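upload33.cif (mmCIF, N, CA and C atoms)
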data_coords
loop_
_atom_site.label_atom_id
_atom_site.label_comp_id
_atom_site.auth_asym_id
_atom_site.auth_seq_id
_atom_site.Cartn_x
_atom_site.Cartn_y
_atom_site.Cartn_z
N MET A 184 108.89 141.10 134.49
CA MET A 184 108.89 142.17 133.52
C MET A 184 108.41 143.47 134.18
N GLU A 185 107.51 143.32 135.14
CA GLU A 185 107.06 144.49 135.87
C GLU A 185 108.18 145.06 136.73
N LEU A 186 108.95 144.18 137.35
CA LEU A 186 110.02 144.63 138.23
C LEU A 186 111.20 145.20 137.46
N ASN A 187 111.48 144.61 136.30
CA ASN A 187 112.62 145.06 135.50
C ASN A 187 112.25 144.95 134.02
N PRO A 188 111.69 146.01 133.44
CA PRO A 188 111.18 145.96 132.07
C PRO A 188 112.23 145.72 130.99
N VAL A 189 113.50 145.77 131.32
CA VAL A 189 114.54 145.52 130.33
C VAL A 189 115.25 144.18 130.55
N PHE A 190 114.69 143.33 131.38
CA PHE A 190 115.25 142.01 131.64
C PHE A 190 114.74 141.06 130.55
N THR A 191 115.54 140.94 129.48
CA THR A 191 115.09 140.22 128.29
C THR A 191 114.77 138.74 128.52
N PRO A 192 115.47 138.02 129.41
CA PRO A 192 115.10 136.61 129.59
C PRO A 192 113.64 136.42 130.01
N ALA A 193 113.09 137.38 130.74
CA ALA A 193 111.69 137.25 131.15
C ALA A 193 110.77 137.25 129.93
N TYR A 194 111.03 138.11 128.98
CA TYR A 194 110.22 138.17 127.77
C TYR A 194 110.37 136.89 126.94
N VAL A 195 111.61 136.48 126.78
CA VAL A 195 111.87 135.29 125.96
C VAL A 195 111.23 134.06 126.60
N ASN A 196 111.33 133.94 127.92
CA ASN A 196 110.71 132.80 128.60
C ASN A 196 109.20 132.84 128.52
N LEU A 197 108.60 134.02 128.69
CA LEU A 197 107.14 134.14 128.58
C LEU A 197 106.69 133.80 127.16
N ALA A 198 107.42 134.28 126.18
CA ALA A 198 107.09 133.96 124.79
C ALA A 198 107.19 132.45 124.54
N ASP A 199 108.21 131.83 125.11
CA ASP A 199 108.37 130.38 124.96
C ASP A 199 107.21 129.64 125.62
N PHE A 200 106.75 130.14 126.74
CA PHE A 200 105.57 129.55 127.39
C PHE A 200 104.36 129.61 126.47
N HIS A 201 104.12 130.78 125.88
CA HIS A 201 102.98 130.93 124.96
C HIS A 201 103.13 129.99 123.76
N ARG A 202 104.35 129.88 123.25
CA ARG A 202 104.60 128.97 122.14
C ARG A 202 104.26 127.54 122.53
N SER A 203 104.71 127.15 123.72
CA SER A 203 104.46 125.78 124.16
C SER A 203 102.97 125.50 124.38
N MET A 204 102.21 126.54 124.60
CA MET A 204 100.76 126.40 124.76
C MET A 204 100.03 126.51 123.42
N GLY A 205 100.81 126.68 122.33
CA GLY A 205 100.22 126.73 120.99
C GLY A 205 99.76 128.11 120.58
N ASP A 206 100.16 129.14 121.30
CA ASP A 206 99.72 130.50 120.99
C ASP A 206 100.90 131.32 120.46
N GLU A 207 101.26 131.05 119.21
CA GLU A 207 102.41 131.73 118.61
C GLU A 207 102.16 133.22 118.42
N ALA A 208 100.91 133.60 118.18
CA ALA A 208 100.59 135.03 118.03
C ALA A 208 100.88 135.78 119.33
N GLN A 209 100.55 135.19 120.46
CA GLN A 209 100.84 135.83 121.74
C GLN A 209 102.34 135.85 122.01
N ALA A 210 103.02 134.79 121.61
CA ALA A 210 104.49 134.77 121.75
C ALA A 210 105.11 135.92 120.97
N GLU A 211 104.65 136.09 119.73
CA GLU A 211 105.16 137.20 118.92
C GLU A 211 104.88 138.55 119.57
N LYS A 212 103.68 138.70 120.11
CA LYS A 212 103.31 139.97 120.77
C LYS A 212 104.27 140.29 121.92
N VAL A 213 104.57 139.28 122.73
CA VAL A 213 105.50 139.47 123.85
C VAL A 213 106.88 139.85 123.33
N LEU A 214 107.32 139.18 122.28
CA LEU A 214 108.66 139.46 121.75
C LEU A 214 108.73 140.84 121.09
N ARG A 215 107.67 141.26 120.47
CA ARG A 215 107.66 142.62 119.90
C ARG A 215 107.70 143.67 121.01
N GLN A 216 107.06 143.38 122.13
CA GLN A 216 107.14 144.27 123.29
C GLN A 216 108.59 144.31 123.78
N ALA A 217 109.23 143.16 123.79
CA ALA A 217 110.63 143.09 124.23
C ALA A 217 111.54 143.88 123.30
N VAL A 218 111.29 143.81 121.99
CA VAL A 218 112.09 144.58 121.04
C VAL A 218 111.95 146.07 121.31
N THR A 219 110.75 146.50 121.67
CA THR A 219 110.52 147.91 122.01
C THR A 219 111.31 148.31 123.25
N MET A 220 111.32 147.41 124.23
CA MET A 220 112.00 147.72 125.50
C MET A 220 113.52 147.59 125.39
N THR A 221 113.98 146.60 124.62
CA THR A 221 115.43 146.35 124.51
C THR A 221 115.81 146.11 123.04
N PRO A 222 115.77 147.15 122.23
CA PRO A 222 116.02 146.98 120.80
C PRO A 222 117.41 146.50 120.45
N SER A 223 118.35 146.59 121.38
CA SER A 223 119.72 146.17 121.08
C SER A 223 120.02 144.75 121.56
N SER A 224 118.98 144.00 121.90
CA SER A 224 119.18 142.63 122.37
C SER A 224 119.14 141.65 121.21
N GLY A 225 120.26 141.02 120.95
CA GLY A 225 120.31 139.99 119.92
C GLY A 225 119.41 138.82 120.26
N ALA A 226 119.33 138.48 121.54
CA ALA A 226 118.51 137.34 121.97
C ALA A 226 117.04 137.56 121.64
N VAL A 227 116.56 138.75 121.83
CA VAL A 227 115.15 139.05 121.55
C VAL A 227 114.88 138.98 120.05
N HIS A 228 115.76 139.55 119.25
CA HIS A 228 115.57 139.51 117.80
C HIS A 228 115.64 138.07 117.29
N HIS A 229 116.54 137.29 117.87
CA HIS A 229 116.66 135.88 117.48
C HIS A 229 115.36 135.13 117.81
N ALA A 230 114.86 135.31 119.02
CA ALA A 230 113.62 134.65 119.43
C ALA A 230 112.45 135.08 118.56
N LEU A 231 112.40 136.37 118.22
CA LEU A 231 111.33 136.85 117.35
C LEU A 231 111.46 136.23 115.96
N GLY A 232 112.67 136.13 115.47
CA GLY A 232 112.89 135.48 114.17
C GLY A 232 112.40 134.04 114.17
N LEU A 233 112.69 133.30 115.23
CA LEU A 233 112.22 131.92 115.32
C LEU A 233 110.70 131.85 115.36
N SER A 234 110.09 132.78 116.07
CA SER A 234 108.63 132.84 116.12
C SER A 234 108.05 133.08 114.73
N LEU A 235 108.66 133.99 114.00
CA LEU A 235 108.18 134.29 112.65
C LEU A 235 108.37 133.10 111.71
N VAL A 236 109.45 132.36 111.88
CA VAL A 236 109.65 131.13 111.09
C VAL A 236 108.53 130.15 111.37
N ARG A 237 108.20 129.98 112.63
CA ARG A 237 107.13 129.04 112.99
C ARG A 237 105.79 129.48 112.40
N GLN A 238 105.65 130.77 112.16
CA GLN A 238 104.43 131.29 111.55
C GLN A 238 104.52 131.36 110.02
N GLN A 239 105.60 130.81 109.50
CA GLN A 239 105.87 130.76 108.06
C GLN A 239 105.93 132.16 107.44
N ARG A 240 106.50 133.10 108.18
CA ARG A 240 106.72 134.47 107.71
C ARG A 240 108.24 134.65 107.56
N THR A 241 108.76 133.90 106.60
CA THR A 241 110.20 133.75 106.46
C THR A 241 110.92 135.06 106.14
N ALA A 242 110.36 135.87 105.26
CA ALA A 242 111.03 137.12 104.89
C ALA A 242 111.21 138.02 106.12
N GLU A 243 110.20 138.11 106.95
CA GLU A 243 110.31 138.90 108.18
C GLU A 243 111.31 138.25 109.13
N ALA A 244 111.28 136.93 109.18
CA ALA A 244 112.18 136.19 110.08
C ALA A 244 113.64 136.45 109.73
N VAL A 245 113.95 136.45 108.43
CA VAL A 245 115.33 136.68 108.00
C VAL A 245 115.83 138.04 108.49
N LYS A 246 114.98 139.04 108.43
CA LYS A 246 115.39 140.37 108.91
C LYS A 246 115.72 140.34 110.40
N GLU A 247 114.91 139.63 111.17
CA GLU A 247 115.16 139.54 112.61
C GLU A 247 116.42 138.73 112.89
N MET A 248 116.63 137.66 112.12
CA MET A 248 117.84 136.84 112.29
C MET A 248 119.09 137.66 111.98
N LYS A 249 119.01 138.46 110.93
CA LYS A 249 120.14 139.31 110.57
C LYS A 249 120.42 140.30 111.69
N GLN A 250 119.36 140.88 112.23
CA GLN A 250 119.52 141.85 113.32
C GLN A 250 120.16 141.18 114.53
N ALA A 251 119.73 139.97 114.85
CA ALA A 251 120.31 139.24 115.99
C ALA A 251 121.80 139.00 115.77
N ALA A 252 122.16 138.54 114.57
CA ALA A 252 123.57 138.27 114.26
C ALA A 252 124.40 139.54 114.29
N THR A 253 123.81 140.64 113.87
CA THR A 253 124.52 141.93 113.87
C THR A 253 124.72 142.44 115.30
N LEU A 254 123.67 142.33 116.11
CA LEU A 254 123.75 142.85 117.47
C LEU A 254 124.60 141.99 118.40
N ALA A 255 124.71 140.72 118.08
CA ALA A 255 125.50 139.81 118.93
C ALA A 255 126.52 139.07 118.06
N PRO A 256 127.52 139.79 117.56
CA PRO A 256 128.48 139.18 116.64
C PRO A 256 129.32 138.06 117.26
N ASP A 257 129.34 137.96 118.57
CA ASP A 257 130.10 136.89 119.23
C ASP A 257 129.28 135.63 119.45
N ASN A 258 128.04 135.65 118.99
CA ASN A 258 127.17 134.48 119.16
C ASN A 258 127.13 133.71 117.84
N ALA A 259 127.86 132.63 117.78
CA ALA A 259 127.97 131.83 116.56
C ALA A 259 126.61 131.28 116.13
N ARG A 260 125.81 130.91 117.10
CA ARG A 260 124.50 130.31 116.79
C ARG A 260 123.61 131.28 116.00
N TYR A 261 123.61 132.54 116.38
CA TYR A 261 122.77 133.52 115.69
C TYR A 261 123.20 133.66 114.23
N THR A 262 124.50 133.68 114.00
CA THR A 262 125.00 133.79 112.63
C THR A 262 124.66 132.55 111.83
N TYR A 263 124.82 131.40 112.44
CA TYR A 263 124.48 130.13 111.78
C TYR A 263 123.00 130.10 111.40
N VAL A 264 122.13 130.44 112.32
CA VAL A 264 120.69 130.41 112.05
C VAL A 264 120.33 131.43 110.98
N TYR A 265 120.96 132.58 111.00
CA TYR A 265 120.73 133.59 109.96
C TYR A 265 121.10 133.02 108.59
N ALA A 266 122.23 132.36 108.49
CA ALA A 266 122.65 131.77 107.21
C ALA A 266 121.67 130.69 106.75
N VAL A 267 121.22 129.86 107.66
CA VAL A 267 120.24 128.83 107.31
C VAL A 267 118.95 129.48 106.81
N ALA A 268 118.53 130.54 107.46
CA ALA A 268 117.32 131.26 107.03
C ALA A 268 117.51 131.86 105.64
N LEU A 269 118.68 132.43 105.39
CA LEU A 269 118.96 132.96 104.05
C LEU A 269 118.85 131.87 103.00
N ASN A 270 119.46 130.73 103.29
CA ASN A 270 119.41 129.63 102.34
C ASN A 270 117.97 129.17 102.10
N SER A 271 117.17 129.14 103.14
CA SER A 271 115.79 128.67 102.99
C SER A 271 114.94 129.60 102.15
N THR A 272 115.39 130.83 101.97
CA THR A 272 114.67 131.78 101.12
C THR A 272 115.27 131.85 99.72
N GLY A 273 116.20 130.95 99.43
CA GLY A 273 116.80 130.91 98.11
C GLY A 273 118.03 131.78 97.94
N ASN A 274 118.50 132.36 99.01
CA ASN A 274 119.69 133.22 98.96
C ASN A 274 120.93 132.43 99.36
N THR A 275 121.19 131.36 98.63
CA THR A 275 122.28 130.46 98.98
C THR A 275 123.64 131.15 98.89
N GLU A 276 123.86 131.95 97.85
CA GLU A 276 125.16 132.63 97.72
C GLU A 276 125.42 133.54 98.91
N GLN A 277 124.40 134.28 99.33
CA GLN A 277 124.56 135.16 100.48
C GLN A 277 124.78 134.34 101.75
N ALA A 278 124.07 133.23 101.88
CA ALA A 278 124.25 132.35 103.03
C ALA A 278 125.69 131.84 103.09
N ILE A 279 126.24 131.48 101.94
CA ILE A 279 127.62 131.01 101.89
C ILE A 279 128.57 132.11 102.35
N ARG A 280 128.35 133.33 101.89
CA ARG A 280 129.20 134.45 102.30
C ARG A 280 129.12 134.68 103.82
N VAL A 281 127.92 134.60 104.36
CA VAL A 281 127.74 134.78 105.81
C VAL A 281 128.49 133.69 106.56
N LEU A 282 128.36 132.45 106.09
CA LEU A 282 129.05 131.34 106.75
C LEU A 282 130.57 131.44 106.61
N GLN A 283 131.06 131.92 105.47
CA GLN A 283 132.50 132.10 105.30
C GLN A 283 133.03 133.12 106.31
N GLY A 284 132.31 134.22 106.47
CA GLY A 284 132.70 135.22 107.46
C GLY A 284 132.64 134.65 108.87
N ALA A 285 131.60 133.87 109.13
CA ALA A 285 131.45 133.27 110.46
C ALA A 285 132.56 132.28 110.75
N LEU A 286 132.97 131.54 109.74
CA LEU A 286 134.03 130.55 109.94
C LEU A 286 135.35 131.23 110.32
N LYS A 287 135.59 132.42 109.80
CA LYS A 287 136.80 133.17 110.19
C LYS A 287 136.74 133.56 111.67
N ARG A 288 135.54 133.90 112.14
CA ARG A 288 135.38 134.31 113.55
C ARG A 288 135.28 133.12 114.49
N PHE A 289 134.71 132.02 113.97
CA PHE A 289 134.48 130.82 114.80
C PHE A 289 135.06 129.60 114.08
N PRO A 290 136.39 129.50 113.97
CA PRO A 290 137.01 128.47 113.14
C PRO A 290 136.77 127.03 113.61
N ASN A 291 136.36 126.84 114.84
CA ASN A 291 136.15 125.48 115.35
C ASN A 291 134.68 125.12 115.51
N ASN A 292 133.79 125.94 114.97
CA ASN A 292 132.37 125.68 115.12
C ASN A 292 131.92 124.66 114.07
N THR A 293 131.56 123.48 114.54
CA THR A 293 131.21 122.40 113.61
C THR A 293 129.90 122.65 112.86
N ASP A 294 128.95 123.33 113.48
CA ASP A 294 127.70 123.64 112.78
C ASP A 294 127.96 124.55 111.58
N ILE A 295 128.78 125.56 111.80
CA ILE A 295 129.10 126.49 110.72
C ILE A 295 129.89 125.77 109.63
N MET A 296 130.89 124.98 110.02
CA MET A 296 131.67 124.24 109.02
C MET A 296 130.79 123.29 108.22
N SER A 297 129.96 122.55 108.89
CA SER A 297 129.09 121.58 108.21
C SER A 297 128.12 122.27 107.25
N ALA A 298 127.52 123.34 107.70
CA ALA A 298 126.58 124.07 106.84
C ALA A 298 127.29 124.65 105.63
N LEU A 299 128.47 125.18 105.83
CA LEU A 299 129.22 125.76 104.72
C LEU A 299 129.58 124.69 103.70
N VAL A 300 130.07 123.56 104.15
CA VAL A 300 130.40 122.47 103.24
C VAL A 300 129.16 122.02 102.47
N ALA A 301 128.05 121.86 103.17
CA ALA A 301 126.82 121.40 102.52
C ALA A 301 126.32 122.41 101.48
N LEU A 302 126.33 123.69 101.83
CA LEU A 302 125.84 124.70 100.90
C LEU A 302 126.75 124.87 99.69
N VAL A 303 128.05 124.85 99.93
CA VAL A 303 128.99 124.96 98.80
C VAL A 303 128.83 123.77 97.88
N HIS A 304 128.74 122.59 98.44
CA HIS A 304 128.55 121.40 97.62
C HIS A 304 127.25 121.49 96.83
N MET A 305 126.18 121.85 97.49
CA MET A 305 124.88 121.96 96.83
C MET A 305 124.91 123.03 95.74
N PHE A 306 125.47 124.19 96.07
CA PHE A 306 125.43 125.32 95.14
C PHE A 306 126.34 125.12 93.93
N TYR A 307 127.53 124.62 94.15
CA TYR A 307 128.50 124.53 93.07
C TYR A 307 128.53 123.18 92.34
N TYR A 308 128.10 122.13 93.01
CA TYR A 308 128.26 120.81 92.40
C TYR A 308 126.95 120.13 92.02
N GLU A 309 125.85 120.64 92.49
CA GLU A 309 124.59 120.00 92.16
C GLU A 309 123.70 120.87 91.28
N MET A 310 124.28 121.90 90.71
CA MET A 310 123.50 122.81 89.88
C MET A 310 123.24 122.23 88.52
#

Would you mind writing the structure in this file as structure tokens?
Amino acid sequence: MELNPVFTPAYVNLADFHRSMGDEAQAEKVLRQAVTMTPSSGAVHHALGLSLVRQQRTAEAVKEMKQAATLAPDNARYTYVYAVALNSTGNTEQAIRVLQGALKRFPNNTDIMSALVALVHMFYYEM
């Protein structure tokens, strides 16, 4: 990070190290520093969102997940995780819309297809 302050994998890896040592607060601090240095990195926003989920700060996490999906629209995983986060906050209809859009962009992604089927079934048939 000293040699190249915009090399996002260094931040994400350091944050993961702190997480593995049980220091989620320090992981978040590193990721927030990374967001400052590289605000357009979907990977950093995604990692920060996961950190916030682990800290049970779901509303903040959803914002970071959305930012990651927006900044990296070609990353199916970020969109999928964003939809799952939306659903976990009770925004199932919005999660379904996100997954429908994602399925158009990633028609062969089994995670997206499975999540969409599960959410549609849950939302429309188990109410």

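Between atom C of Glu247 of chain A and atom CA of His229 of chain A the interatomic distance comes to 5.4 Å.
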
Spatial neighbours of segment 274-284 of chain A, max dist 6.5 Å, all atoms listed in the file, sep filter under 6 positions, as a tab-separated table (two decimals) with N, CA and C atoms, keeping the file's coordinate frame:
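New file around_22.tsv:
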chain	number	residue	atom	x	y	z
A	265	TYR	N	120.96	132.58	111.00
A	265	TYR	CA	120.73	133.59	109.96
A	265	TYR	C	121.10	133.02	108.59
A	266	ALA	N	122.23	132.36	108.49
A	266	ALA	CA	122.65	131.77	107.21
A	266	ALA	C	121.67	130.69	106.75
A	267	VAL	N	121.22	129.86	107.66
A	267	VAL	CA	120.24	128.83	107.31
A	267	VAL	C	118.95	129.48	106.81
A	295	ILE	N	128.78	125.56	111.80
A	295	ILE	CA	129.10	126.49	110.72
A	295	ILE	C	129.89	125.77	109.63
A	299	LEU	N	128.47	125.18	105.83
A	299	LEU	CA	129.22	125.76	104.72
A	299	LEU	C	129.58	124.69	103.70
A	303	VAL	N	128.05	124.85	99.93
A	303	VAL	CA	128.99	124.96	98.80
A	303	VAL	C	128.83	123.77	97.88

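Between atom N of Ala217 of chain A and atom N of Tyr194 of chain A the interatomic distance comes to 7.5 Å.
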
Discussion item. Can you tell me which residues surround Met220 of chain A at a distance of at most 8 Å, considering all atoms listed in the file, apart from same-chain residues fewer than 3 positions away, and format the answer as a PyMOL selection string?
Written reply: chain A and resi 188-190+214-217+223-224

Okay, now the selection with N, CA and C atoms, as a compact mmCIF listing (two decimals), in the frame of the given file?
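The resulting file, result09.txt, is reproduced below:
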# COMPACT_ATOMS: atom_id res chain seq x y z
N PRO A 188 111.69 146.01 133.44
CA PRO A 188 111.18 145.96 132.07
C PRO A 188 112.23 145.72 130.99
N VAL A 189 113.50 145.77 131.32
CA VAL A 189 114.54 145.52 130.33
C VAL A 189 115.25 144.18 130.55
N PHE A 190 114.69 143.33 131.38
CA PHE A 190 115.25 142.01 131.64
C PHE A 190 114.74 141.06 130.55
N LEU A 214 107.32 139.18 122.28
CA LEU A 214 108.66 139.46 121.75
C LEU A 214 108.73 140.84 121.09
N ARG A 215 107.67 141.26 120.47
CA ARG A 215 107.66 142.62 119.90
C ARG A 215 107.70 143.67 121.01
N GLN A 216 107.06 143.38 122.13
CA GLN A 216 107.14 144.27 123.29
C GLN A 216 108.59 144.31 123.78
N ALA A 217 109.23 143.16 123.79
CA ALA A 217 110.63 143.09 124.23
C ALA A 217 111.54 143.88 123.30
N SER A 223 118.35 146.59 121.38
CA SER A 223 119.72 146.17 121.08
C SER A 223 120.02 144.75 121.56
N SER A 224 118.98 144.00 121.90
CA SER A 224 119.18 142.63 122.37
C SER A 224 119.14 141.65 121.21

Worksheet item: Just how far from atom N of Asn292 of chain A is atom C of Tyr307 of chain A, in Å to one decimal?
Response: 23.4 Å

Taking (121.5, 139.9, 112.9) in the file's coordinates, which residues come within 12 Å, counting only C-alpha atoms, written as a compact mmCIF listing (two decimals) with N, CA and C atoms, in the coordinates of the input?
# COMPACT_ATOMS: atom_id res chain seq x y z
N PRO A 222 115.77 147.15 122.23
CA PRO A 222 116.02 146.98 120.80
C PRO A 222 117.41 146.50 120.45
N SER A 223 118.35 146.59 121.38
CA SER A 223 119.72 146.17 121.08
C SER A 223 120.02 144.75 121.56
N SER A 224 118.98 144.00 121.90
CA SER A 224 119.18 142.63 122.37
C SER A 224 119.14 141.65 121.21
N GLY A 225 120.26 141.02 120.95
CA GLY A 225 120.31 139.99 119.92
C GLY A 225 119.41 138.82 120.26
N ALA A 226 119.33 138.48 121.54
CA ALA A 226 118.51 137.34 121.97
C ALA A 226 117.04 137.56 121.64
N VAL A 227 116.56 138.75 121.83
CA VAL A 227 115.15 139.05 121.55
C VAL A 227 114.88 138.98 120.05
N HIS A 228 115.76 139.55 119.25
CA HIS A 228 115.57 139.51 117.80
C HIS A 228 115.64 138.07 117.29
N HIS A 229 116.54 137.29 117.87
CA HIS A 229 116.66 135.88 117.48
C HIS A 229 115.36 135.13 117.81
N ALA A 230 114.86 135.31 119.02
CA ALA A 230 113.62 134.65 119.43
C ALA A 230 112.45 135.08 118.56
N LEU A 231 112.40 136.37 118.22
CA LEU A 231 111.33 136.85 117.35
C LEU A 231 111.46 136.23 115.96
N GLY A 232 112.67 136.13 115.47
CA GLY A 232 112.89 135.48 114.17
C GLY A 232 112.40 134.04 114.17
N ALA A 244 111.28 136.93 109.18
CA ALA A 244 112.18 136.19 110.08
C ALA A 244 113.64 136.45 109.73
N VAL A 245 113.95 136.45 108.43
CA VAL A 245 115.33 136.68 108.00
C VAL A 245 115.83 138.04 108.49
N LYS A 246 114.98 139.04 108.43
CA LYS A 246 115.39 140.37 108.91
C LYS A 246 115.72 140.34 110.40
N GLU A 247 114.91 139.63 111.17
CA GLU A 247 115.16 139.54 112.61
C GLU A 247 116.42 138.73 112.89
N MET A 248 116.63 137.66 112.12
CA MET A 248 117.84 136.84 112.29
C MET A 248 119.09 137.66 111.98
N LYS A 249 119.01 138.46 110.93
CA LYS A 249 120.14 139.31 110.57
C LYS A 249 120.42 140.30 111.69
N GLN A 250 119.36 140.88 112.23
CA GLN A 250 119.52 141.85 113.32
C GLN A 250 120.16 141.18 114.53
N ALA A 251 119.73 139.97 114.85
CA ALA A 251 120.31 139.24 115.99
C ALA A 251 121.80 139.00 115.77
N ALA A 252 122.16 138.54 114.57
CA ALA A 252 123.57 138.27 114.26
C ALA A 252 124.40 139.54 114.29
N THR A 253 123.81 140.64 113.87
CA THR A 253 124.52 141.93 113.87
C THR A 253 124.72 142.44 115.30
N LEU A 254 123.67 142.33 116.11
CA LEU A 254 123.75 142.85 117.47
C LEU A 254 124.60 141.99 118.40
N ALA A 255 124.71 140.72 118.08
CA ALA A 255 125.50 139.81 118.93
C ALA A 255 126.52 139.07 118.06
N PRO A 256 127.52 139.79 117.56
CA PRO A 256 128.48 139.18 116.64
C PRO A 256 129.32 138.06 117.26
N ASP A 257 129.34 137.96 118.57
CA ASP A 257 130.10 136.89 119.23
C ASP A 257 129.28 135.63 119.45
N ASN A 258 128.04 135.65 118.99
CA ASN A 258 127.17 134.48 119.16
C ASN A 258 127.13 133.71 117.84
N ALA A 259 127.86 132.63 117.78
CA ALA A 259 127.97 131.83 116.56
C ALA A 259 126.61 131.28 116.13
N ARG A 260 125.81 130.91 117.10
CA ARG A 260 124.50 130.31 116.79
C ARG A 260 123.61 131.28 116.00
N TYR A 261 123.61 132.54 116.38
CA TYR A 261 122.77 133.52 115.69
C TYR A 261 123.20 133.66 114.23
N THR A 262 124.50 133.68 114.00
CA THR A 262 125.00 133.79 112.63
C THR A 262 124.66 132.55 111.83
N TYR A 263 124.82 131.40 112.44
CA TYR A 263 124.48 130.13 111.78
C TYR A 263 123.00 130.10 111.40
N VAL A 264 122.13 130.44 112.32
CA VAL A 264 120.69 130.41 112.05
C VAL A 264 120.33 131.43 110.98
N TYR A 265 120.96 132.58 111.00
CA TYR A 265 120.73 133.59 109.96
C TYR A 265 121.10 133.02 108.59
N ALA A 266 122.23 132.36 108.49
CA ALA A 266 122.65 131.77 107.21
C ALA A 266 121.67 130.69 106.75
N ALA A 268 118.53 130.54 107.46
CA ALA A 268 117.32 131.26 107.03
C ALA A 268 117.51 131.86 105.64
N LEU A 269 118.68 132.43 105.39
CA LEU A 269 118.96 132.96 104.05
C LEU A 269 118.85 131.87 103.00
N VAL A 281 127.92 134.60 104.36
CA VAL A 281 127.74 134.78 105.81
C VAL A 281 128.49 133.69 106.56

Item to complete: Name the residues of segment 184-277 of chain A that come out as alpha helix (DSSP H) in a backbone DSSP run; write them as a PyMOL selection string.
Response: chain A and resi 191-203+207-220+225-237+241-254+259-271+275-277

Please enclose the listed atoms of segment 194-201 of chain A in an axis-aligned box, pad each side by 6 Å, and write out the centre and the three edge lengths in Å, rounded to one decimal, as lines of an AutoDock Vina configuration file.
center_x = 107.4
center_y = 133.9
center_z = 126.4
size_x = 20.9
size_y = 20.6
size_z = 17.2

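Proximity to Glu207 of chain A was assessed for A:Met184, A:Ala193, A:Ala298, A:Leu235 counting all atoms listed in the file; the smallest distance is recorded for A:Leu235.
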
Discussion item. Can you tell me which residues surround Ala198 of chain A at a distance of at most 6.5 Å, considering all atoms listed in the file, apart from same-chain residues fewer than 5 positions away, and format the answer as a ChimeraX atom specification?
Written reply: /A:193,203,209-211,213-214
